[in-house]
$ cat run_23.cif   # mmCIF, C-alpha atoms
data_start
#
loop_
_atom_site.label_atom_id
_atom_site.label_comp_id
_atom_site.auth_asym_id
_atom_site.auth_seq_id
_atom_site.Cartn_x
_atom_site.Cartn_y
_atom_site.Cartn_z
CA MET A 691 -91.52 37.45 1.74
CA THR A 692 -89.92 37.13 -1.69
CA SER A 693 -87.32 39.75 -0.78
CA TYR A 694 -86.47 37.80 2.36
CA LYS A 695 -85.88 34.61 0.33
CA ASN A 696 -83.71 36.45 -2.18
CA SER A 697 -81.58 37.85 0.61
CA LEU A 698 -81.23 34.40 2.17
CA ALA A 699 -80.11 32.89 -1.17
CA LEU A 700 -77.58 35.68 -1.65
CA PHE A 701 -76.23 35.10 1.83
CA SER A 702 -75.95 31.37 1.17
CA ARG A 703 -74.02 31.95 -2.05
CA MET A 704 -71.66 34.34 -0.26
CA ALA A 705 -71.11 31.80 2.51
CA HIS A 706 -70.26 29.05 0.02
CA PHE A 707 -67.82 31.39 -1.75
CA PHE A 708 -66.17 32.29 1.56
CA ILE A 709 -65.79 28.62 2.56
CA ALA A 710 -64.38 27.70 -0.88
CA SER A 711 -61.88 30.57 -0.68
CA LEU A 712 -60.83 29.52 2.82
CA ILE A 713 -60.25 25.93 1.67
CA LEU A 714 -58.17 27.17 -1.25
CA ILE A 715 -56.05 29.39 1.01
CA LEU A 716 -55.53 26.58 3.52
CA SER A 717 -54.62 24.11 0.83
CA THR A 718 -52.15 26.59 -0.68
CA ASN A 719 -50.51 27.19 2.69
CA THR A 720 -50.34 23.47 3.34
CA TYR A 721 -48.57 22.93 0.05
CA ALA A 722 -46.16 25.76 0.81
CA ALA A 723 -45.32 24.10 4.12
CA TRP A 724 -44.57 20.73 2.44
CA PRO A 725 -41.00 19.70 3.28
CA PHE A 726 -39.47 20.39 -0.12
CA SER A 727 -36.63 22.74 -0.89
CA SER A 728 -37.59 26.39 -0.86
CA GLU A 729 -35.83 26.67 -4.23
CA CYS A 730 -37.74 23.81 -5.82
CA SER A 731 -40.10 26.27 -7.47
CA ASP A 732 -37.15 27.25 -9.67
CA ALA A 733 -36.76 23.70 -11.02
CA GLU A 734 -37.66 23.34 -14.66
CA SER A 735 -40.38 20.83 -15.44
CA THR A 736 -38.47 18.60 -17.87
CA ASP A 737 -38.52 14.90 -18.67
CA LYS A 738 -36.29 12.70 -16.56
CA PRO A 739 -32.92 12.34 -18.35
CA ASN A 740 -31.73 8.93 -19.46
CA TRP A 741 -28.67 9.06 -17.18
CA VAL A 742 -30.98 9.56 -14.17
CA SER A 743 -33.24 6.69 -15.20
CA GLN A 744 -30.25 4.35 -15.53
CA SER A 745 -28.59 5.81 -12.40
CA TYR A 746 -25.78 3.45 -11.31
CA ASP A 747 -26.00 1.37 -14.50
CA TYR A 748 -25.27 4.22 -16.89
CA SER A 749 -22.17 3.74 -19.03
CA GLU A 750 -20.30 5.14 -22.02
CA PRO A 751 -17.19 3.72 -23.68
CA GLY A 752 -13.98 5.26 -22.39
CA TYR A 753 -15.40 6.71 -19.16
CA ARG A 754 -16.01 5.74 -15.54
CA PHE A 755 -19.17 7.27 -13.96
CA GLY A 756 -20.36 8.00 -10.46
CA PHE A 757 -24.03 8.63 -9.55
CA GLY A 758 -25.55 10.32 -6.52
CA GLU A 759 -28.91 11.67 -5.41
CA ALA A 760 -30.19 13.78 -2.52
CA ARG A 761 -33.84 13.86 -1.50
CA SER A 762 -35.32 17.13 -0.35
CA TYR A 763 -36.07 17.82 3.29
CA LYS A 764 -37.33 20.73 5.35
CA GLU A 765 -35.13 23.85 5.19
CA ALA A 766 -32.81 22.24 2.61
CA THR A 767 -31.58 24.65 -0.06
CA TYR A 768 -30.79 23.60 -3.58
CA GLN A 769 -27.06 24.07 -2.94
CA MET A 770 -27.22 21.82 0.11
CA LEU A 771 -28.89 19.07 -1.90
CA LEU A 772 -26.45 19.55 -4.78
CA ASP A 773 -23.44 19.20 -2.45
CA GLU A 774 -24.92 16.07 -0.87
CA ALA A 775 -25.63 14.45 -4.25
CA GLU A 776 -22.17 15.35 -5.52
CA GLY A 777 -20.53 13.78 -2.47
CA ARG A 778 -22.43 10.54 -3.02
CA ALA A 779 -21.52 10.52 -6.71
CA LEU A 780 -17.84 10.89 -5.83
CA GLU A 781 -18.13 8.05 -3.30
CA ASP A 782 -19.76 5.91 -5.97
CA ILE A 783 -17.03 6.44 -8.56
CA VAL A 784 -14.26 5.81 -6.02
CA SER A 785 -15.90 2.59 -4.82
CA SER A 786 -15.99 1.35 -8.41
CA ILE A 787 -12.20 1.37 -8.54
CA GLN A 788 -11.20 -1.85 -6.80
CA VAL A 789 -7.46 -2.35 -6.58
CA ILE A 790 -5.19 -5.10 -5.35
CA VAL A 791 -2.59 -4.00 -2.82
CA SER A 792 0.23 -6.53 -2.35
CA THR A 793 3.23 -6.24 -0.02
CA LYS A 794 4.60 -9.76 -0.35
CA THR A 795 7.96 -8.59 -1.69
CA GLY A 796 8.21 -5.83 0.88
CA VAL A 797 7.38 -3.23 -1.74
CA THR A 798 3.76 -2.22 -2.17
CA THR A 799 2.18 -2.88 -5.57
CA LEU A 800 -1.18 -1.56 -6.66
CA VAL A 801 -3.15 -2.95 -9.61
CA GLU A 802 -6.77 -2.32 -10.56
CA SER A 803 -8.56 -5.65 -10.21
CA GLU A 804 -10.67 -5.16 -13.33
CA ASP A 805 -7.56 -5.16 -15.48
CA GLY A 806 -7.57 -8.93 -15.88
CA GLN A 807 -4.20 -9.76 -17.41
CA GLU A 808 -2.12 -7.45 -15.27
CA SER A 809 -3.96 -8.44 -12.10
CA ILE A 810 -3.26 -12.12 -12.74
CA LYS A 811 0.37 -11.38 -13.46
CA ARG A 812 0.99 -9.16 -10.45
CA LYS A 813 -1.32 -10.79 -7.91
CA THR A 814 0.40 -12.87 -5.24
CA ASP A 815 -0.95 -15.50 -2.91
CA SER A 816 -0.34 -13.81 0.42
CA ASN A 817 -0.33 -10.39 2.07
CA ILE A 818 -3.09 -9.17 -0.25
CA GLU A 819 -5.89 -6.80 0.59
CA THR A 820 -8.53 -5.05 -1.49
CA SER A 821 -8.64 -1.28 -1.25
CA SER A 822 -11.06 1.29 -2.67
CA TYR A 823 -9.56 4.43 -1.20
CA ILE A 824 -8.01 5.97 -4.28
CA ASP A 825 -7.98 9.77 -4.33
CA LEU A 826 -9.57 11.24 -7.46
CA PRO A 827 -8.72 14.94 -7.23
CA GLY A 828 -10.41 17.67 -9.22
CA LEU A 829 -13.50 15.79 -10.40
CA SER A 830 -16.30 18.24 -11.18
CA ILE A 831 -20.00 17.65 -11.74
CA HIS A 832 -20.63 16.33 -15.24
CA ARG A 833 -24.45 16.46 -15.16
CA GLN A 834 -27.10 17.58 -12.66
CA TRP A 835 -30.89 17.56 -12.63
CA GLN A 836 -33.68 18.34 -10.16
CA ASP A 837 -37.06 16.67 -10.25
CA ALA A 838 -39.64 19.48 -10.23
CA GLU A 839 -42.22 17.26 -8.51
CA THR A 840 -40.16 15.73 -5.69
CA CYS A 841 -37.31 18.27 -5.59
CA THR A 842 -34.77 15.40 -5.49
CA VAL A 843 -31.41 16.44 -6.92
CA TYR A 844 -29.37 14.03 -9.08
CA VAL A 845 -25.68 14.37 -9.94
CA GLN A 846 -23.31 12.50 -12.23
CA VAL A 847 -19.51 12.75 -12.21
CA ARG A 848 -17.14 11.07 -14.63
CA ILE A 849 -13.48 10.48 -15.36
CA SER A 850 -11.96 9.20 -18.58
CA GLU A 851 -10.32 5.79 -18.44
CA SER A 852 -7.08 7.32 -19.77
CA ARG A 853 -6.98 9.91 -16.99
CA LEU A 854 -7.96 7.30 -14.41
CA SER A 855 -4.99 5.20 -15.51
CA VAL A 856 -2.66 8.13 -14.81
CA VAL A 857 -4.29 8.68 -11.40
CA LEU A 858 -3.68 5.03 -10.51
CA LYS A 859 -0.05 5.28 -11.63
CA LYS A 860 0.37 8.39 -9.49
CA SER A 861 -1.13 6.52 -6.52
CA GLN A 862 1.37 3.71 -7.17
CA ALA A 863 4.25 6.20 -7.28
CA ASP A 864 3.08 7.66 -3.97
CA MET A 865 3.06 4.17 -2.43
CA TYR A 866 6.57 3.45 -3.73
CA PHE A 867 7.81 6.77 -2.35
CA LYS A 868 6.26 5.94 1.03
CA ASP A 869 7.94 2.50 1.03
CA ALA A 870 11.27 4.07 0.12
CA GLN A 871 11.04 6.28 3.22
CA ASP A 872 10.21 3.35 5.52
CA GLU A 873 13.27 2.84 7.73
CA GLY A 874 11.89 -0.53 8.83
CA LYS A 875 12.60 -1.96 5.36
CA SER A 876 15.97 -3.06 4.03
CA ILE A 877 17.93 -0.63 1.87
CA SER A 878 17.63 -2.94 -1.13
CA LYS A 879 13.82 -2.87 -0.91
CA ARG A 880 13.78 0.87 -0.38
CA LEU A 881 16.04 1.40 -3.39
CA LEU A 882 13.79 -0.86 -5.46
CA ALA A 883 10.77 1.18 -4.42
CA ILE A 884 12.29 4.56 -5.23
CA SER A 885 13.57 3.33 -8.61
CA GLU A 886 10.01 2.22 -9.45
CA ALA A 887 8.66 5.62 -8.41
CA ILE A 888 11.18 7.31 -10.71
CA ARG A 889 10.26 4.98 -13.57
CA LEU A 890 6.56 5.86 -13.25
CA ALA A 891 7.24 9.59 -13.04
CA LYS A 892 9.34 9.38 -16.22
CA THR A 893 6.66 7.38 -18.04
CA TYR A 894 3.52 9.38 -17.15
CA ASP A 895 2.68 13.09 -17.16
CA PHE A 896 1.21 13.71 -13.72
CA ARG A 897 0.37 17.33 -14.53
CA VAL A 898 -2.98 16.16 -15.91
CA ILE A 899 -3.99 15.44 -12.31
CA SER A 900 -5.40 18.46 -10.52
CA SER A 901 -3.23 19.71 -7.63
CA SER A 902 -0.48 17.18 -8.40
CA LYS A 903 3.17 18.11 -8.71
CA SER A 904 4.58 17.72 -12.20
CA SER A 905 6.51 14.59 -13.09
CA GLU A 906 9.70 16.69 -13.31
CA GLN A 907 9.23 17.98 -9.76
CA LEU A 908 8.56 14.49 -8.43
CA ILE A 909 11.59 13.03 -10.21
CA ARG A 910 13.84 15.60 -8.51
CA GLU A 911 12.29 14.71 -5.15
CA TYR A 912 12.61 10.98 -5.77
CA LYS A 913 16.23 11.20 -6.95
CA HIS A 914 17.21 13.17 -3.87
CA LEU A 915 15.96 10.31 -1.70
CA GLN A 916 17.64 7.78 -3.99
CA GLN A 917 21.00 9.51 -3.48
CA GLN A 918 20.54 9.39 0.29
CA LEU A 919 19.74 5.69 0.15
CA ASP A 920 22.77 5.03 -2.05
CA LYS A 921 24.99 6.65 0.58
CA ILE A 922 23.48 4.52 3.34
CA SER A 923 23.84 1.42 1.19
CA SER A 924 27.54 2.02 0.56
CA LYS A 925 28.22 2.27 4.29
CA ASN A 926 25.97 -0.51 5.57
CA ASN A 927 25.80 -3.17 2.90
CA ASN A 928 26.41 -6.53 4.60
CA ALA A 929 25.03 -7.72 7.95
CA VAL A 930 27.28 -10.37 9.49
CA PHE A 931 26.13 -13.04 11.96
CA VAL A 932 28.06 -15.79 13.72
CA ILE A 933 25.72 -18.33 15.34
CA ASN A 934 27.37 -20.27 18.17
CA HIS A 935 25.56 -23.53 18.99
CA SER A 936 28.29 -24.83 21.31
CA THR A 937 28.42 -24.67 25.11
CA ASP A 938 31.67 -22.68 24.87
CA THR A 939 30.68 -19.06 25.20
CA ASN A 940 34.06 -17.64 24.14
CA GLN A 941 32.73 -15.63 21.20
CA GLN A 942 36.14 -14.06 20.74
CA ALA A 943 37.43 -17.42 19.52
CA LEU A 944 35.14 -17.09 16.51
CA SER A 945 36.39 -13.60 15.55
CA PRO A 946 38.55 -14.97 12.68
CA ILE A 947 35.45 -16.22 10.87
CA ALA A 948 33.54 -13.00 11.62
CA ASP A 949 36.44 -10.87 10.37
CA SER A 950 36.64 -12.87 7.16
CA LEU A 951 32.93 -12.42 6.46
CA LYS A 952 33.15 -8.69 7.17
CA SER A 953 36.11 -8.25 4.84
CA SER A 954 34.26 -9.93 1.98
CA MET A 955 32.09 -6.89 1.24
CA SER A 956 32.38 -3.14 1.80
CA GLY A 957 30.10 -1.60 4.38
CA SER A 958 29.93 -4.83 6.42
CA PHE A 959 28.93 -4.72 10.06
CA GLU A 960 28.45 -7.45 12.63
CA ILE A 961 25.13 -7.85 14.44
CA PHE A 962 25.32 -9.26 17.94
CA LYS A 963 21.61 -9.78 18.51
CA ALA A 964 20.86 -13.33 19.62
CA CYS A 965 19.61 -15.57 16.83
CA ASN A 966 19.89 -19.34 16.96
CA SER A 967 18.91 -19.97 13.32
CA PRO A 968 19.54 -18.36 9.91
CA THR A 969 15.82 -17.55 9.67
CA LEU A 970 15.94 -15.42 12.83
CA CYS A 971 19.17 -13.78 11.70
CA LEU A 972 17.59 -12.83 8.38
CA ASP A 973 14.69 -11.31 10.28
CA HIS A 974 17.15 -9.11 12.20
CA ALA A 975 19.03 -8.25 9.00
CA GLY A 976 15.81 -7.22 7.28
CA LYS A 977 15.40 -4.47 9.87
CA THR A 978 18.76 -2.93 8.99
CA PRO A 979 19.85 -0.92 5.93
CA ALA A 980 21.83 -3.94 4.64
CA ASN A 981 21.39 -5.42 1.17
CA PHE A 982 23.05 -8.71 2.07
CA ALA A 983 23.56 -10.95 5.09
CA SER A 984 26.52 -13.26 5.74
CA ILE A 985 25.94 -16.05 8.25
CA ALA A 986 28.35 -18.55 9.82
CA ASP A 987 26.46 -21.33 11.60
CA VAL A 988 28.94 -22.87 14.10
CA LYS A 989 28.47 -26.15 16.02
CA LEU A 990 30.72 -28.17 18.35
CA ASN A 991 29.40 -31.54 19.48
CA THR A 992 31.52 -33.67 21.80
CA VAL A 993 31.43 -37.38 22.67
CA LYS A 994 33.75 -39.67 24.70
CA GLN A 995 35.40 -42.50 22.77
CA ASN A 996 38.03 -44.91 24.11
CA GLY A 997 39.07 -42.60 26.93
CA PHE A 998 39.28 -39.52 24.69
CA TRP A 999 36.89 -36.66 24.11
CA VAL A 1000 36.18 -36.19 20.43
CA GLY A 1001 34.76 -32.94 19.12
CA ASP A 1002 32.88 -32.65 15.82
CA PHE A 1003 33.36 -29.00 14.81
CA THR A 1004 31.35 -27.70 11.83
CA ILE A 1005 30.76 -24.35 10.15
CA GLU A 1006 28.18 -23.66 7.46
CA LEU A 1007 28.57 -20.44 5.48
CA THR A 1008 25.75 -18.71 3.60
CA LEU A 1009 25.44 -15.40 1.80
CA TRP A 1010 21.90 -14.04 1.39
CA ASP A 1011 20.40 -11.40 -0.86
CA LEU A 1012 17.94 -9.56 1.41
CA SER A 1013 15.84 -8.25 -1.48
CA ASP A 1014 14.25 -11.67 -1.87
CA ASN A 1015 16.00 -13.79 0.83
CA THR A 1016 17.74 -16.02 -1.67
CA LYS A 1017 21.12 -17.70 -1.21
CA LYS A 1018 23.96 -16.33 -3.29
CA TYR A 1019 26.46 -18.72 -1.74
CA HIS A 1020 26.21 -21.89 0.36
CA SER A 1021 29.31 -23.74 1.48
CA GLY A 1022 27.51 -26.78 2.82
CA VAL A 1023 28.51 -28.21 6.20
CA LEU A 1024 32.31 -27.98 6.58
CA GLY A 1025 33.52 -30.18 9.45
CA SER A 1026 36.74 -31.09 11.23
CA LYS A 1027 37.48 -33.18 14.33
CA VAL A 1028 39.44 -32.29 17.46
CA MET A 1029 40.49 -34.64 20.31
CA ASN A 1030 41.70 -34.38 23.91
CA ARG A 1031 41.76 -36.48 27.06
CA HIS A 1032 39.99 -33.70 28.90
CA LYS A 1033 36.62 -32.36 27.80
CA HIS A 1034 37.25 -28.85 29.03
CA LYS A 1035 40.20 -28.57 26.66
CA LEU A 1036 38.00 -29.09 23.59
CA THR A 1037 37.56 -25.35 23.17
CA LEU A 1038 36.24 -23.20 20.35
CA ASN A 1039 39.64 -21.57 20.11
CA LYS A 1040 41.42 -24.87 19.35
CA ALA A 1041 38.66 -26.07 17.04
CA MET A 1042 38.67 -22.80 15.10
CA LYS A 1043 42.43 -22.89 14.53
CA LYS A 1044 42.26 -26.40 13.08
CA TRP A 1045 39.22 -25.59 10.94
CA LEU A 1046 40.98 -22.58 9.39
CA LYS A 1047 43.92 -24.73 8.32
CA VAL A 1048 41.55 -27.12 6.53
CA TYR A 1049 39.02 -24.70 5.04
CA ASP A 1050 40.85 -21.44 4.46
CA HIS A 1051 40.17 -21.91 0.72
CA LYS A 1052 36.43 -21.93 1.44
CA LEU A 1053 36.66 -18.52 3.02
CA GLU A 1054 38.51 -17.26 -0.06
CA GLU A 1055 35.79 -18.77 -2.22
CA PHE A 1056 33.17 -16.95 -0.15
CA LYS A 1057 35.01 -13.64 -0.57
CA THR A 1058 35.29 -14.12 -4.33
CA ILE A 1059 31.57 -14.78 -4.73
CA ALA A 1060 30.70 -11.80 -2.49
CA SER A 1061 32.94 -9.44 -4.48
CA THR A 1062 31.17 -10.34 -7.75
CA ILE A 1063 27.68 -9.47 -6.50
CA GLU A 1064 28.45 -6.42 -4.38
#
$ encode --input "run_23.cif" --output "structure tokens"
Amino acid sequence: MTSYKNSLALFSRMAHFFIASLILILSTNTYAAWPFSSECSDAESTDKPNWVSQSYDYSEPGYRFGFGEARSYKEATYQMLLDEAEGRALEDIVSSIQVIVSTKTGVTTLVESEDGQESIKRKTDSNIETSSYIDLPGLSIHRQWQDAETCTVYVQVRISESRLSVVLKKSQADMYFKDAQDEGKSISKRLLAISEAIRLAKTYDFRVISSSKSSEQLIREYKHLQQQLDKISSKNNNAVFVINHSTDTNQQALSPIADSLKSSMSGSFEIFKACNSPTLCLDHAGKTPANFASIADVKLNTVKQNGFWVGDFTIELTLWDLSDNTKKYHSGVLGSKVMNRHKHKLTLNKAMKKWLKVYDHKLEEFKTIASTIE
């Protein structure tokens, strides 16, 4: 009987050992199947670094930082998590660079909004948008760490403020170069843009930017375009418009005034697109290579007085600088009167001949002013 009890106790102890072993095996397998990276076992069990604890708030003088993290998931390798965290860190640092993009003058300007004084000086009140899409080439991982318990991977990237400044200047030069190639802009604006690109390339060493052409290479490229624009400018410098507000459609009668405006500046060409105001004419001129626009605004108003038809014939001359749409010359309204018993004989041809006798000196004045600013 005693032997039987001893055997039963031994069997019980063996059963308990078997069950405990089975639980241990199952628990081990369950842990192995937990959705952490298969490489997490290689993570060193170290204290969480300060830069991870501070995450997006971490800072050091003279540097801009980006922070990213990637949480582990089933079948994720360490490299996969590292790439994901790095991508988020790069997105974070790029989004921290808020810039003002202004095109009010027709030439794009780019200024980092955190640079208070320059932003206030360069910022305009219209055609402004905020952009964060500044390319930061060649940024490598500055720090990385994996949590041994959760397998989450953390990454930090950084760029020095001095290098970031050069990157922003290179982005500005790229924008100027793009504007200079825009055939929809006036030659004066395109020349302004390319001269600014050249100035930046001469001032900053763009070789410090990974994958960027050197400043010397860019200057050669920019100057080649500048020479092409100079050639276009010399051939197409002055857009000429004659606006006829009268009911007489004989545009040929106004050719003397058009010829005078064209002779005032080299590279002049007349535009025959319909425009019934100087504003519309300037809009047309802005879509040409011209630097300047000459406009003659012609009117002939007729009334019947004491059995005669009296015509009030006026011409207003203006010379515009298309770079900023400012007047370089304004004659004021120059008027003369013509009379005839018959209304149909009050023609533009007769009115023009009389006007030229009275105001020929004004045309010479116009030519003199134009020759000094060409």
$ residues_near_point --input "run_23.cif" --point "(18.0, 8.6, 3.0)" --cutoff "12 Å" --atoms "all atoms listed in the file" --output "VMD selection string"
chain A and resid 867 869 to 873 876 to 877 880 to 881 884 911 to 924 979
$ atom_distance --input "run_23.cif" --atom1 "atom CA of Asn996 of chain A" --atom2 "atom CA of Lys1027 of chain A"
15.3 Å
$ residues_near_point --input "run_23.cif" --point "(-9.8, 5.7, -1.6)" --cutoff "12 Å" --atoms "all atoms listed in the file" --output "JSON, numbers by chain"
{"A": [780, 781, 782, 783, 784, 785, 786, 787, 788, 789, 820, 821, 822, 823, 824, 825, 826, 827, 857, 858, 861]}
$ atom_distance --input "run_23.cif" --atom1 "atom CA of Trp1045 of chain A" --atom2 "atom CA of Phe959 of chain A"
23.3 Å
$ residues_around --input "run_23.cif" --residues "segment 863-865 of chain A" --least-positions-apart "3" --cutoff "7 Å" --atoms "all atoms listed in the file" --output "PDB file with C-alpha atoms, in the coordinates of the input"
ATOM      1  CA  THR A 798       3.760  -2.220  -2.170  1.00  0.00           C
ATOM      2  CA  LYS A 859      -0.050   5.280 -11.630  1.00  0.00           C
ATOM      3  CA  LYS A 860       0.370   8.390  -9.490  1.00  0.00           C
ATOM      4  CA  LYS A 868       6.260   5.940   1.030  1.00  0.00           C
ATOM      5  CA  ASP A 869       7.940   2.500   1.030  1.00  0.00           C
ATOM      6  CA  ALA A 887       8.660   5.620  -8.410  1.00  0.00           C
ATOM      7  CA  LEU A 890       6.560   5.860 -13.250  1.00  0.00           C
TER       8      LEU A 890
END
$ resolve_selection --input "run_23.cif" --expression "the PyMOL selection byres ((chain A and resi 964) around 10)" --output "PyMOL selection string"
chain A and resi 931-934+961-963+965-967+970-971+974
$ closest_residue --input "run_23.cif" --among "A:Val742, A:Tyr748, A:Cys841, A:Lys1057" --to "Lys764 of chain A" --atoms "only C-alpha atoms"
A:Cys841
$ closest_residue --input "run_23.cif" --among "A:His1034, A:Lys892, A:Arg910, A:Lys1052" --to "Tyr1019 of chain A" --atoms "only C-alpha atoms"
A:Lys1052
$ atom_distance --input "run_23.cif" --atom1 "atom CA of Ser855 of chain A" --atom2 "atom CA of Val801 of chain A"
10.2 Å
$ residues_around --input "run_23.cif" --residues "Ala980 of chain A" --least-positions-apart "5" --cutoff "10 Å" --atoms "only C-alpha atoms" --output "JSON, numbers by chain"
{"A": [875, 876, 877, 878, 879, 922, 923, 924, 925, 926, 927, 928, 929, 930, 957, 958, 959, 975, 1011, 1012, 1013]}
$ residues_around --input "run_23.cif" --residues "Gly1022 of chain A" --least-positions-apart "3" --cutoff "12 Å" --atoms "all atoms listed in the file" --output "list in words"
Ala986, Asp987, Thr1004, Ile1005, Glu1006, Leu1007, Thr1008, Leu1009, Lys1017, Tyr1019, Gly1025, Tyr1049, Lys1052 and Phe1056 of chain A
$ resolve_selection --input "run_23.cif" --expression "the PyMOL selection byres ((chain A and resi 755) around 7)" --output "list in words"
Ser749, Tyr753, Arg754, Gly756, Phe757, Ile783, Gln846, Val847, Arg848 and Ile849 of chain A
$ write_last_selection --input "run_23.cif" --atoms "C-alpha atoms" --output "CSV table (one decimal), keeping the file's coordinate frame"
chain,number,residue,atom,x,y,z
A,749,SER,CA,-22.2,3.7,-19.0
A,753,TYR,CA,-15.4,6.7,-19.2
A,754,ARG,CA,-16.0,5.7,-15.5
A,756,GLY,CA,-20.4,8.0,-10.5
A,757,PHE,CA,-24.0,8.6,-9.6
A,783,ILE,CA,-17.0,6.4,-8.6
A,846,GLN,CA,-23.3,12.5,-12.2
A,847,VAL,CA,-19.5,12.8,-12.2
A,848,ARG,CA,-17.1,11.1,-14.6
A,849,ILE,CA,-13.5,10.5,-15.4
$ resolve_selection --input "run_23.cif" --expression "the PyMOL selection byres ((chain A and resi 834) around 6)" --output "ChimeraX atom specification"
/A:833,835,844-845
$ decode --input "run_23.cif" --residues "segment 978-984 of chain A" --atoms "all heavy atoms" --output "compact mmCIF listing (two decimals), in the first residue's frame"
# COMPACT_ATOMS: atom_id res chain seq x y z
N THR A 978 4.97 90.26 -74.09
CA THR A 978 5.96 90.32 -75.17
C THR A 978 7.35 90.46 -74.56
O THR A 978 7.49 90.67 -73.36
CB THR A 978 5.68 91.53 -76.08
OG1 THR A 978 6.06 92.74 -75.38
CG2 THR A 978 4.21 91.61 -76.48
N PRO A 979 8.40 90.37 -75.37
CA PRO A 979 9.76 90.55 -74.83
C PRO A 979 10.12 92.00 -74.53
O PRO A 979 11.23 92.27 -74.09
CB PRO A 979 10.65 90.00 -75.97
CG PRO A 979 9.75 89.23 -76.85
CD PRO A 979 8.41 89.88 -76.75
N ALA A 980 9.21 92.95 -74.77
CA ALA A 980 9.54 94.37 -74.65
C ALA A 980 9.87 94.79 -73.23
O ALA A 980 9.35 94.24 -72.27
CB ALA A 980 8.38 95.22 -75.18
N ASN A 981 10.74 95.81 -73.14
CA ASN A 981 11.05 96.44 -71.86
C ASN A 981 10.18 97.67 -71.62
O ASN A 981 9.96 98.06 -70.48
CB ASN A 981 12.52 96.87 -71.81
CG ASN A 981 13.47 95.69 -71.82
OD1 ASN A 981 13.21 94.68 -71.20
ND2 ASN A 981 14.57 95.83 -72.55
N PHE A 982 9.73 98.28 -72.73
CA PHE A 982 8.96 99.51 -72.64
C PHE A 982 7.72 99.42 -73.52
O PHE A 982 7.64 98.58 -74.42
CB PHE A 982 9.81 100.71 -73.06
CG PHE A 982 11.04 100.91 -72.23
CD1 PHE A 982 12.26 100.37 -72.63
CD2 PHE A 982 10.98 101.62 -71.04
CE1 PHE A 982 13.39 100.54 -71.86
CE2 PHE A 982 12.11 101.79 -70.26
CZ PHE A 982 13.31 101.25 -70.66
N ALA A 983 6.77 100.29 -73.26
CA ALA A 983 5.57 100.39 -74.09
C ALA A 983 5.27 101.86 -74.34
O ALA A 983 5.28 102.68 -73.40
CB ALA A 983 4.38 99.72 -73.40
N SER A 984 5.03 102.20 -75.60
CA SER A 984 4.66 103.56 -75.99
C SER A 984 3.21 103.54 -76.45
O SER A 984 2.84 102.74 -77.32
CB SER A 984 5.55 104.07 -77.12
OG SER A 984 6.90 104.12 -76.70
